[in-house]
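Below is data00.cif, which holds mmCIF, C-alpha atoms and all ligand atoms.
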data_protein
loop_
_atom_site.label_atom_id
_atom_site.label_comp_id
_atom_site.auth_asym_id
_atom_site.auth_seq_id
_atom_site.Cartn_x
_atom_site.Cartn_y
_atom_site.Cartn_z
CA MET A 1 84.38 108.47 116.66
CA THR A 2 84.54 105.41 114.36
CA ILE A 3 84.09 101.85 115.57
CA GLU A 4 87.85 101.22 115.12
CA THR A 5 89.06 104.31 117.02
CA GLY A 6 86.53 103.56 119.76
CA VAL A 7 88.01 100.05 120.17
CA LEU A 8 91.57 101.41 120.16
CA GLN A 9 90.83 104.01 122.85
CA ARG A 10 88.80 101.68 125.06
CA TYR A 11 91.56 99.06 125.24
CA SER A 12 94.31 101.65 125.77
CA GLN A 13 92.27 102.65 128.84
CA GLY A 14 91.93 98.96 129.70
CA ALA A 15 95.73 98.55 129.64
CA GLU A 16 96.16 101.62 131.83
CA SER A 17 93.58 100.80 134.53
CA ILE A 18 91.07 98.02 135.28
CA GLN A 19 87.77 98.54 133.40
CA ALA A 20 85.25 96.70 135.56
CA ASP A 21 82.46 96.87 132.95
CA LEU A 22 84.61 94.89 130.47
CA CYS A 23 85.18 92.01 132.87
CA CYS A 24 83.12 88.81 132.80
CA PRO A 25 83.53 86.27 135.65
CA ILE A 26 85.30 83.17 134.24
CA ASP A 27 86.30 79.96 135.91
CA TYR A 28 89.93 79.59 134.73
CA ASP A 29 92.20 76.72 135.71
CA ARG A 30 93.67 77.90 139.03
CA GLU A 31 96.94 76.01 138.53
CA LEU A 32 97.62 77.85 135.27
CA LEU A 33 96.68 81.21 136.81
CA ALA A 34 99.00 80.65 139.78
CA LEU A 35 102.11 81.68 137.83
CA LEU A 36 100.55 84.84 136.35
CA PRO A 37 101.28 88.35 137.69
CA GLN A 38 98.25 89.91 139.43
CA GLU A 39 98.12 92.81 136.95
CA ILE A 40 97.53 90.40 134.05
CA ILE A 41 94.78 88.60 135.94
CA ASP A 42 93.15 91.91 136.90
CA LYS A 43 93.19 93.32 133.36
CA ASP A 44 91.27 90.34 132.02
CA TYR A 45 88.69 91.31 129.40
CA GLY A 46 87.86 87.80 128.20
CA CYS A 47 84.52 86.00 128.23
CA GLY A 48 85.55 82.32 128.14
CA ASP A 49 88.53 80.01 128.49
CA PRO A 50 89.95 78.78 125.16
CA SER A 51 93.16 77.67 126.95
CA ARG A 52 91.28 74.42 127.81
CA TYR A 53 91.81 73.25 124.21
CA VAL A 54 95.62 73.66 124.13
CA GLN A 55 97.76 70.51 123.78
CA LYS A 56 101.44 69.87 124.39
CA GLY A 57 103.58 70.81 121.38
CA ASP A 58 100.92 73.04 119.75
CA VAL A 59 101.76 76.24 117.89
CA VAL A 60 99.00 78.46 119.31
CA LEU A 61 97.86 81.81 117.91
CA ASP A 62 95.82 84.06 120.24
CA LEU A 63 93.81 86.70 118.36
CA GLY A 64 93.52 89.95 120.34
CA SER A 65 95.83 88.80 123.11
CA GLY A 66 95.31 91.85 125.36
CA SER A 67 97.27 91.57 128.61
CA GLY A 68 98.59 88.14 127.52
CA LYS A 69 96.65 86.05 130.04
CA ILE A 70 95.56 83.27 127.65
CA CYS A 71 99.02 83.27 126.01
CA TYR A 72 100.81 82.77 129.33
CA MET A 73 98.33 80.03 130.32
CA ALA A 74 98.79 78.32 126.94
CA ALA A 75 102.59 78.62 127.21
CA GLN A 76 102.51 76.35 130.28
CA LEU A 77 100.53 73.74 128.33
CA VAL A 78 102.46 73.71 125.02
CA GLY A 79 105.78 73.29 126.86
CA ASP A 80 109.19 73.54 125.24
CA THR A 81 108.12 71.80 122.02
CA GLY A 82 105.35 74.29 121.23
CA LYS A 83 105.03 78.05 121.03
CA VAL A 84 102.44 80.77 121.52
CA ILE A 85 101.97 83.92 119.44
CA GLY A 86 99.72 86.72 120.69
CA VAL A 87 98.48 89.24 118.11
CA ASP A 88 97.06 92.59 119.12
CA MET A 89 96.79 95.93 117.33
CA ASN A 90 97.00 98.08 120.45
CA ASP A 91 100.43 99.42 121.50
CA ASP A 92 99.42 99.81 125.14
CA MET A 93 98.07 96.25 125.41
CA LEU A 94 101.20 94.89 123.72
CA ALA A 95 103.40 96.85 126.15
CA LEU A 96 101.45 95.43 129.10
CA ALA A 97 101.74 91.84 127.83
CA ARG A 98 105.46 92.20 126.99
CA LYS A 99 106.25 93.75 130.39
CA TYR A 100 106.05 90.27 131.94
CA GLN A 101 107.61 88.25 129.11
CA ALA A 102 111.04 87.69 130.72
CA GLU A 103 109.54 87.00 134.17
CA MET A 104 107.10 84.46 132.70
CA ALA A 105 109.81 82.74 130.62
CA GLU A 106 111.81 82.25 133.80
CA LYS A 107 108.81 80.91 135.74
CA ILE A 108 107.71 78.55 132.96
CA GLY A 109 111.27 77.50 132.21
CA VAL A 110 111.14 78.31 128.50
CA ALA A 111 110.75 81.48 126.38
CA ASN A 112 107.94 80.22 124.16
CA VAL A 113 105.66 83.29 123.89
CA GLU A 114 105.91 86.26 121.55
CA PHE A 115 103.57 89.20 121.02
CA VAL A 116 103.25 90.77 117.59
CA GLN A 117 101.35 93.77 116.28
CA GLY A 118 98.67 93.20 113.69
CA GLN A 119 94.99 93.45 112.93
CA ILE A 120 93.34 90.06 113.24
CA GLN A 121 91.36 90.60 110.01
CA ASP A 122 94.67 91.07 108.14
CA LEU A 123 97.09 88.60 109.74
CA ALA A 124 99.57 88.90 106.88
CA LEU A 125 100.34 92.57 107.50
CA ASP A 126 103.00 93.26 110.12
CA LEU A 127 102.08 96.59 111.75
CA THR A 128 105.56 97.00 113.28
CA ALA A 129 107.06 96.79 109.78
CA LEU A 130 104.38 99.23 108.60
CA ASN A 131 105.37 101.70 111.32
CA HIS A 132 109.02 101.50 110.19
CA TYR A 133 108.00 102.01 106.57
CA LEU A 134 105.91 105.07 107.47
CA ALA A 135 108.73 106.55 109.56
CA GLU A 136 111.02 106.36 106.53
CA ASN A 137 108.38 107.16 103.91
CA PRO A 138 105.96 109.72 105.33
CA ILE A 139 102.73 110.18 103.38
CA THR A 140 102.66 113.72 102.05
CA LYS A 141 100.94 113.35 98.68
CA ALA A 142 98.44 111.07 96.93
CA GLU A 143 101.18 109.24 95.04
CA ASP A 144 102.71 108.13 98.37
CA VAL A 145 99.49 106.23 99.11
CA LEU A 146 99.95 104.18 95.93
CA HIS A 147 103.53 103.35 96.95
CA LEU A 148 102.28 102.38 100.41
CA ARG A 149 99.68 100.01 98.90
CA ALA A 150 102.31 98.37 96.71
CA TRP A 151 104.63 97.99 99.71
CA GLN A 152 101.83 96.42 101.79
CA GLU A 153 101.00 93.89 99.07
CA LYS A 154 104.67 92.92 98.73
CA GLN A 155 105.11 92.68 102.50
CA ARG A 156 102.00 90.48 102.92
CA LYS A 157 103.27 88.12 100.23
CA GLU A 158 106.98 88.00 101.03
CA SER A 159 107.07 88.29 104.83
CA PRO A 160 103.61 87.72 106.26
CA LEU A 161 103.17 88.36 109.97
CA ILE A 162 101.51 84.92 110.28
CA ALA A 163 102.32 82.47 107.49
CA ASP A 164 99.82 80.21 105.69
CA ASN A 165 99.16 76.81 107.33
CA SER A 166 101.43 77.53 110.30
CA VAL A 167 99.20 77.23 113.40
CA ASP A 168 97.91 74.08 115.19
CA LEU A 169 95.34 75.91 117.32
CA VAL A 170 93.84 79.38 116.87
CA VAL A 171 92.29 80.73 120.06
CA SER A 172 90.63 84.02 120.89
CA ASN A 173 88.85 85.40 123.91
CA CYS A 174 86.19 88.03 123.33
CA VAL A 175 87.69 89.79 120.32
CA LEU A 176 86.01 88.74 117.04
CA ASN A 177 82.91 90.79 117.91
CA LEU A 178 85.07 93.94 117.96
CA VAL A 179 85.97 93.67 114.27
CA HIS A 180 83.90 95.78 111.87
CA ASP A 181 81.02 93.78 110.31
CA SER A 182 82.35 94.42 106.80
CA ASP A 183 85.68 92.77 107.80
CA LYS A 184 84.26 89.74 109.63
CA ALA A 185 84.20 87.35 106.63
CA GLN A 186 87.82 88.27 105.81
CA LEU A 187 88.73 87.73 109.48
CA ILE A 188 87.44 84.14 109.43
CA GLN A 189 89.14 83.50 106.06
CA GLU A 190 92.39 84.71 107.63
CA ILE A 191 91.90 82.25 110.50
CA PHE A 192 91.43 79.50 107.90
CA ARG A 193 94.52 80.59 105.94
CA VAL A 194 96.89 80.47 108.93
CA THR A 195 95.55 77.20 110.40
CA LYS A 196 97.43 74.01 109.41
CA ALA A 197 95.47 71.30 107.61
CA GLY A 198 94.01 69.24 110.45
CA GLY A 199 94.47 72.21 112.82
CA ARG A 200 91.80 73.40 115.26
CA VAL A 201 90.10 76.58 116.43
CA ALA A 202 88.64 77.29 119.89
CA ILE A 203 87.11 80.73 120.13
CA SER A 204 85.24 82.24 123.04
CA ASP A 205 83.12 85.22 122.10
CA ILE A 206 79.77 86.95 122.59
CA VAL A 207 76.73 86.16 120.41
CA SER A 208 73.28 87.76 120.27
CA ASP A 209 70.01 85.83 120.26
CA GLU A 210 68.31 88.32 117.89
CA ALA A 211 69.55 90.55 115.06
CA VAL A 212 71.23 93.69 116.46
CA PRO A 213 69.60 96.84 115.05
CA ALA A 214 71.64 99.54 113.29
CA HIS A 215 71.30 102.14 116.06
CA LEU A 216 72.94 99.75 118.57
CA LYS A 217 75.69 98.88 116.06
CA ALA A 218 76.36 102.61 115.60
CA ASP A 219 76.92 103.06 119.36
CA ALA A 220 80.73 103.07 119.68
CA HIS A 221 80.59 102.44 123.46
CA LEU A 222 78.34 99.38 123.11
CA TRP A 223 80.55 98.12 120.28
CA SER A 224 83.86 98.52 122.12
CA GLY A 225 82.21 96.95 125.17
CA CYS A 226 81.91 93.62 123.26
CA ILE A 227 78.15 93.93 122.85
CA SER A 228 76.72 95.38 119.64
CA GLY A 229 79.38 93.89 117.30
CA ALA A 230 78.34 90.36 118.32
CA LEU A 231 77.21 88.06 115.54
CA GLN A 232 73.83 86.40 115.89
CA GLU A 233 74.12 82.86 117.30
CA HIS A 234 73.54 80.93 114.03
CA ALA A 235 75.60 83.40 111.93
CA PHE A 236 78.65 82.89 114.15
CA LEU A 237 78.74 79.16 113.35
CA GLN A 238 77.83 79.70 109.69
CA ALA A 239 80.78 82.10 109.20
CA PHE A 240 83.19 79.26 110.08
CA ILE A 241 81.36 76.76 107.85
CA ASP A 242 81.45 79.27 104.96
CA ALA A 243 85.23 79.69 105.40
CA GLY A 244 85.73 75.91 104.97
CA PHE A 245 85.97 74.63 108.55
CA VAL A 246 84.29 71.36 109.52
CA ALA A 247 83.09 69.89 112.83
CA VAL A 248 81.87 73.40 113.68
CA ALA A 249 80.09 73.34 117.05
CA TYR A 250 79.17 75.25 120.18
CA ASP A 251 81.20 73.55 122.88
CA LYS A 252 80.19 76.05 125.60
CA TRP A 253 77.01 78.05 125.93
CA GLU A 254 76.28 80.27 128.92
CA SER A 255 72.56 79.93 129.59
CA HIS A 256 72.66 83.15 131.61
CA ALA A 257 72.97 86.23 129.36
CA TRP A 258 75.99 88.44 130.12
CA GLN A 259 74.10 91.61 129.06
CA VAL A 260 70.55 92.35 127.89
CA VAL A 261 70.09 95.48 125.76
CA GLU A 262 66.63 96.44 124.49
CA GLY A 263 65.50 92.87 125.18
CA ILE A 264 68.34 91.30 123.12
CA GLU A 265 70.41 88.78 125.05
CA PHE A 266 74.21 88.81 124.63
CA ARG A 267 75.90 85.68 125.98
CA SER A 268 79.31 84.05 126.08
CA VAL A 269 79.90 80.95 123.94
CA THR A 270 82.90 78.90 122.82
CA ILE A 271 83.00 77.54 119.30
CA THR A 272 85.29 74.71 118.15
CA ALA A 273 86.09 73.69 114.56
CA VAL A 274 88.69 71.85 112.48
CA LYS A 275 90.38 72.69 109.16
CA PRO A 276 90.09 69.60 106.93
CA GLN A 277 93.22 67.67 105.96
CA ASP A 278 94.60 68.68 102.61
CA GLU A 279 94.55 65.12 101.23
CA PRO A 280 92.70 63.48 98.37
CA CYS A 281 89.54 61.60 99.31
CA LEU A 282 90.63 58.00 98.71
CA ASP A 283 88.36 55.02 99.24
CA LYS A 284 90.24 52.14 100.83
CA GLY A 285 87.18 50.37 102.21
CA HIS A 286 86.50 52.23 105.49
CA ALA A 287 83.10 52.62 107.14
CA VAL A 288 81.67 54.50 110.13
CA ILE A 289 78.53 53.92 112.19
CA TYR A 290 76.73 56.89 113.72
CA ARG A 291 75.86 55.85 117.29
CA GLY A 292 72.67 57.97 117.63
CA PRO A 293 70.56 59.26 119.38
CA PHE A 294 69.23 61.00 116.25
CA ALA A 295 67.74 59.01 113.39
CA LYS A 296 69.89 60.78 110.78
CA VAL A 297 72.60 63.49 110.84
CA TYR A 298 74.61 65.43 108.23
CA ASP A 299 78.15 66.79 108.59
CA ASP A 300 79.61 70.04 107.20
CA GLU A 301 80.86 68.20 104.09
CA GLY A 302 77.38 66.95 103.14
CA HIS A 303 77.74 63.32 104.26
CA VAL A 304 74.61 61.75 105.67
CA PHE A 305 74.72 59.19 108.49
CA TYR A 306 71.83 56.89 109.40
CA ARG A 307 71.85 55.74 113.00
CA GLY A 308 73.40 52.28 113.34
CA GLN A 309 74.21 51.88 109.62
CA ARG A 310 77.66 51.21 108.15
CA MET A 311 78.32 54.25 105.95
CA ALA A 312 81.05 54.05 103.30
CA MET A 313 83.79 56.65 103.92
CA CYS A 314 87.04 57.72 102.31
CA GLU A 315 90.07 57.38 104.58
CA ARG A 316 90.35 61.16 105.14
CA SER A 317 86.74 61.48 106.37
CA PHE A 318 87.09 58.29 108.41
CA ASN A 319 90.08 59.75 110.28
CA LEU A 320 88.25 63.02 110.95
CA LEU A 321 84.99 61.41 112.09
CA THR A 322 86.69 58.97 114.44
CA GLY A 323 89.14 61.59 115.83
CA SER A 324 88.67 63.88 118.83
CA ALA A 325 86.66 66.54 116.93
CA TYR A 326 83.51 64.39 117.00
CA ASN A 327 83.73 63.27 120.63
CA ASP A 328 83.27 59.56 119.96
CA GLN A 329 79.93 59.96 118.13
CA PHE A 330 81.06 57.57 115.38
CA ILE A 331 82.27 53.98 115.52
CA GLY A 332 85.11 53.46 113.06
CA ILE A 333 85.39 50.24 111.04
CA ALA A 334 88.72 49.95 109.24
CA PRO A 335 88.99 47.31 106.51
CA VAL A 336 90.85 44.13 107.47
CA GLN A 337 92.59 44.39 104.10
CA GLU A 338 92.70 47.84 102.50
CA GLN A 339 91.21 48.00 99.02
CA THR A 340 93.34 49.39 96.21
CA PRO A 341 92.82 53.15 96.77
CA GLN A 342 90.22 54.66 94.43
CA HIS A 343 89.20 58.29 94.16
CA TRP A 344 85.92 58.68 96.04
CA CYS A 345 82.97 58.27 93.69
CA HIS A 346 80.05 57.18 95.87
CA ALA A 347 76.95 59.28 96.48
CA ALA A 348 76.42 60.67 100.00
CA GLY A 349 74.54 58.08 102.02
CA THR A 350 76.16 55.00 100.42
CA LEU A 351 76.14 52.03 102.79
CA ARG A 352 79.10 49.67 103.05
CA PRO A 353 78.23 45.99 103.42
CA ALA A 354 79.94 44.35 106.40
CA ALA A 355 81.49 41.80 104.02
CA ASP A 356 83.51 44.59 102.35
CA THR A 357 85.40 45.48 105.53
CA LYS A 358 85.99 41.88 106.64
CA GLY A 359 88.33 40.98 103.79
CA ALA A 360 88.14 38.75 100.73
CA ALA A 361 87.81 35.53 102.74
CA HIS A 362 84.40 36.67 104.06
CA LYS A 363 82.96 37.92 100.79
CA ALA A 364 80.39 35.95 98.88
CA ASP A 365 81.96 36.76 95.49
CA GLY A 366 85.43 37.86 96.68
CA ALA A 367 85.20 41.18 94.79
CA PRO A 368 85.42 44.60 96.52
CA SER A 369 82.45 46.90 95.99
CA CYS A 370 83.55 49.74 93.75
CA CYS A 371 82.22 52.19 91.17
C1 LIG B 401 88.01 92.37 125.02
S1 LIG B 401 89.74 92.49 124.93
C2 LIG B 401 90.22 90.81 125.16
C3 LIG B 401 91.64 90.69 125.54
C4 LIG B 401 92.11 89.27 125.88
N1 LIG B 401 91.80 88.34 124.83
C5 LIG B 401 91.56 88.79 127.20
O1 LIG B 401 91.06 87.66 127.26
O2 LIG B 401 91.67 89.51 128.20
C6 LIG B 401 90.03 92.78 123.21
C7 LIG B 401 91.48 92.87 122.78
O3 LIG B 401 91.51 92.72 121.36
C8 LIG B 401 92.26 93.74 120.75
N2 LIG B 401 91.66 94.00 119.43
C9 LIG B 401 90.43 94.47 119.16
N3 LIG B 401 90.21 94.50 117.84
C10 LIG B 401 91.33 94.04 117.25
C11 LIG B 401 91.74 93.85 115.90
N4 LIG B 401 90.92 94.11 114.90
N5 LIG B 401 92.97 93.36 115.66
C12 LIG B 401 93.83 93.09 116.70
N6 LIG B 401 93.50 93.27 117.99
C13 LIG B 401 92.27 93.73 118.28
C14 LIG B 401 92.16 94.91 121.73
O4 LIG B 401 93.23 95.80 121.56
C15 LIG B 401 92.14 94.20 123.06
O5 LIG B 401 93.43 93.99 123.54
#

Reformat the file's structure so that it appears as structure tokens.
Amino acid sequence: MTIETGVLQRYSQGAESIQADLCCPIDYDRELLALLPQEIIDKDYGCGDPSRYVQKGDVVLDLGSGSGKICYMAAQLVGDTGKVIGVDMNDDMLALARKYQAEMAEKIGVANVEFVQGQIQDLALDLTALNHYLAENPITKAEDVLHLRAWQEKQRKESPLIADNSVDLVVSNCVLNLVHDSDKAQLIQEIFRVTKAGGRVAISDIVSDEAVPAHLKADAHLWSGCISGALQEHAFLQAFIDAGFVAVAYDKWESHAWQVVEGIEFRSVTITAVKPQDEPCLDKGHAVIYRGPFAKVYDDEGHVFYRGQRMAMCERSFNLLTGSAYNDQFIGIAPVQEQTPQHWCHAAGTLRPAADTKGAAHKADGAPSCC
């Protein structure tokens, strides 16, 4: 059995009957759970609660939506101005989630959830469309495979399942570890592609504290059980940084390991990150002060911040650093009078004199500091 077929079979069983060994105790918001059918709550194979990050009006994408629990919780939070899309590759899980769609729309008061079939490492390819194609164009000879590839490329480009820059918040609950190691980088690039500029990710998953040896990775049962496909704790964060996300952090970390196999601890974590705004880096005279407690810190874009010092920032970085992603770690100092915008040309670590942000009246020579 391959890793992929093992995952498919295990979650078809999970849709059919409760698999106790796939369940992790999680403290969900009881008010959001109250509307959910018991079957959806019982067939919960998550390991965290990314619904805590959902905001009103968000377009939310849930990767590996399973029974639909996180989607139906998120649907209550996004309200009638947002929407929720659950992606799963498994027919049985999709059927289970869709079984309650009409009932949930009535309870919530709006039909704002849809479930679509796709692989999360290839979010452009619509597997329902692929099924239709294969029904009409069965593969009987090698040449048919070439036609299929051409069709897939065209379909990804012209009618992607999830469009570029279309999602405010990507969530997932215990799924990324199930994707084959050779597809994991593409998976995170796909998450980056579909997230809007300024959009967020909140992903609960399992990480390992040590490298997982090959014989554990080859064990299809351990893999489909959300164990041996886990990334190592630093590699999980690094994968998001490599894809281009910023403000990448562990927001939740279970100190108690969920499973220990051959001395390796596997624990539940929740990572948060932001896709940078797609704007030029313009200097208008902003500054930020890092509050501490560390003497010096760096961000994912290579800026350095000295505790208590006014650091020169472009407007884009200023907005990011003083927004919710950094939990109030920076004090923002906007210029009293904006400078004429200039493309950013300062070295990392450039300080901004207080006189520059106070306006011309306070400057000794009246001239803005520029390159
Ligand atoms: C551990 S369960 C988690 C389900 C759900 N997120 C929850 O919290 O209960 C994993 C789910 O991800 C789906 N899945 C696994 N690998 C996938 C992939 N590569 N693409 C799409 N779905 C996948 C499975 O079919 C299953 O429904």

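Using only C-alpha atoms for every distance, the candidate list A:Ile26, A:Val269, A:Val175, A:Val145 yields A:Val175 as the residue closest to Met89 (chain A).
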
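CA of Ala197 (chain A) is positioned 25.2 Å from CA of Gln339 (chain A).
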
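Nearest to Lys217 (chain A) of all the residues A:Thr2, A:Arg193, A:Val116, A:Leu94 is A:Thr2, based on all atoms listed in the file.
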
Residue neighbourhood Gln55 (chain A), 9 Å, only C-alpha atoms, exclusion window fewer than 2 positions, as a PDB file with C-alpha atoms, in the frame of the given file:
ATOM      1  CA  ARG A  52      91.280  74.420 127.810  1.00  0.00           C
ATOM      2  CA  TYR A  53      91.810  73.250 124.210  1.00  0.00           C
ATOM      3  CA  GLY A  57     103.580  70.810 121.380  1.00  0.00           C
ATOM      4  CA  ASP A  58     100.920  73.040 119.750  1.00  0.00           C
ATOM      5  CA  ALA A  74      98.790  78.320 126.940  1.00  0.00           C
ATOM      6  CA  LEU A  77     100.530  73.740 128.330  1.00  0.00           C
ATOM      7  CA  VAL A  78     102.460  73.710 125.020  1.00  0.00           C
ATOM      8  CA  GLY A  82     105.350  74.290 121.230  1.00  0.00           C
ATOM      9  CA  LEU A 169      95.340  75.910 117.320  1.00  0.00           C
TER      10      LEU A 169
END

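Candidate residues A:Ile120, A:Leu351, A:Leu216, A:Cys174 were compared for distance to Arg267 (chain A), and the nearest is A:Cys174, using all atoms listed in the file.
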
What's the 12 Å shell around Gln117 (chain A), counting only C-alpha atoms, without same-chain residues fewer than 3 positions away, as an mmCIF file with C-alpha atoms, keeping the file's coordinate frame?
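That gives us selection-v5.cif:
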data_model
loop_
_atom_site.group_PDB
_atom_site.id
_atom_site.type_symbol
_atom_site.label_atom_id
_atom_site.label_comp_id
_atom_site.auth_asym_id
_atom_site.auth_seq_id
_atom_site.Cartn_x
_atom_site.Cartn_y
_atom_site.Cartn_z
ATOM 1 C CA ASP A 62 95.820 84.060 120.240
ATOM 2 C CA LEU A 63 93.810 86.700 118.360
ATOM 3 C CA GLY A 64 93.520 89.950 120.340
ATOM 4 C CA SER A 65 95.830 88.800 123.110
ATOM 5 C CA GLY A 66 95.310 91.850 125.360
ATOM 6 C CA ILE A 85 101.970 83.920 119.440
ATOM 7 C CA GLY A 86 99.720 86.720 120.690
ATOM 8 C CA VAL A 87 98.480 89.240 118.110
ATOM 9 C CA ASP A 88 97.060 92.590 119.120
ATOM 10 C CA MET A 89 96.790 95.930 117.330
ATOM 11 C CA ASN A 90 97.000 98.080 120.450
ATOM 12 C CA ASP A 91 100.430 99.420 121.500
ATOM 13 C CA ASP A 92 99.420 99.810 125.140
ATOM 14 C CA MET A 93 98.070 96.250 125.410
ATOM 15 C CA LEU A 94 101.200 94.890 123.720
ATOM 16 C CA ALA A 95 103.400 96.850 126.150
ATOM 17 C CA ALA A 97 101.740 91.840 127.830
ATOM 18 C CA ARG A 98 105.460 92.200 126.990
ATOM 19 C CA GLU A 114 105.910 86.260 121.550
ATOM 20 C CA ILE A 120 93.340 90.060 113.240
ATOM 21 C CA ASP A 122 94.670 91.070 108.140
ATOM 22 C CA LEU A 123 97.090 88.600 109.740
ATOM 23 C CA ALA A 124 99.570 88.900 106.880
ATOM 24 C CA LEU A 125 100.340 92.570 107.500
ATOM 25 C CA ASP A 126 103.000 93.260 110.120
ATOM 26 C CA LEU A 127 102.080 96.590 111.750
ATOM 27 C CA THR A 128 105.560 97.000 113.280
ATOM 28 C CA ALA A 129 107.060 96.790 109.780
ATOM 29 C CA LEU A 130 104.380 99.230 108.600
ATOM 30 C CA ASN A 131 105.370 101.700 111.320
ATOM 31 C CA PRO A 160 103.610 87.720 106.260
ATOM 32 C CA LEU A 161 103.170 88.360 109.970
ATOM 33 C CA ILE A 162 101.510 84.920 110.280
#

Shell around Gln38 (chain A) at 12 Å using all atoms listed in the file, local window under 5 positions removed, as number ranges by chain
A: 18, 33, 43-44, 67, 69, 100
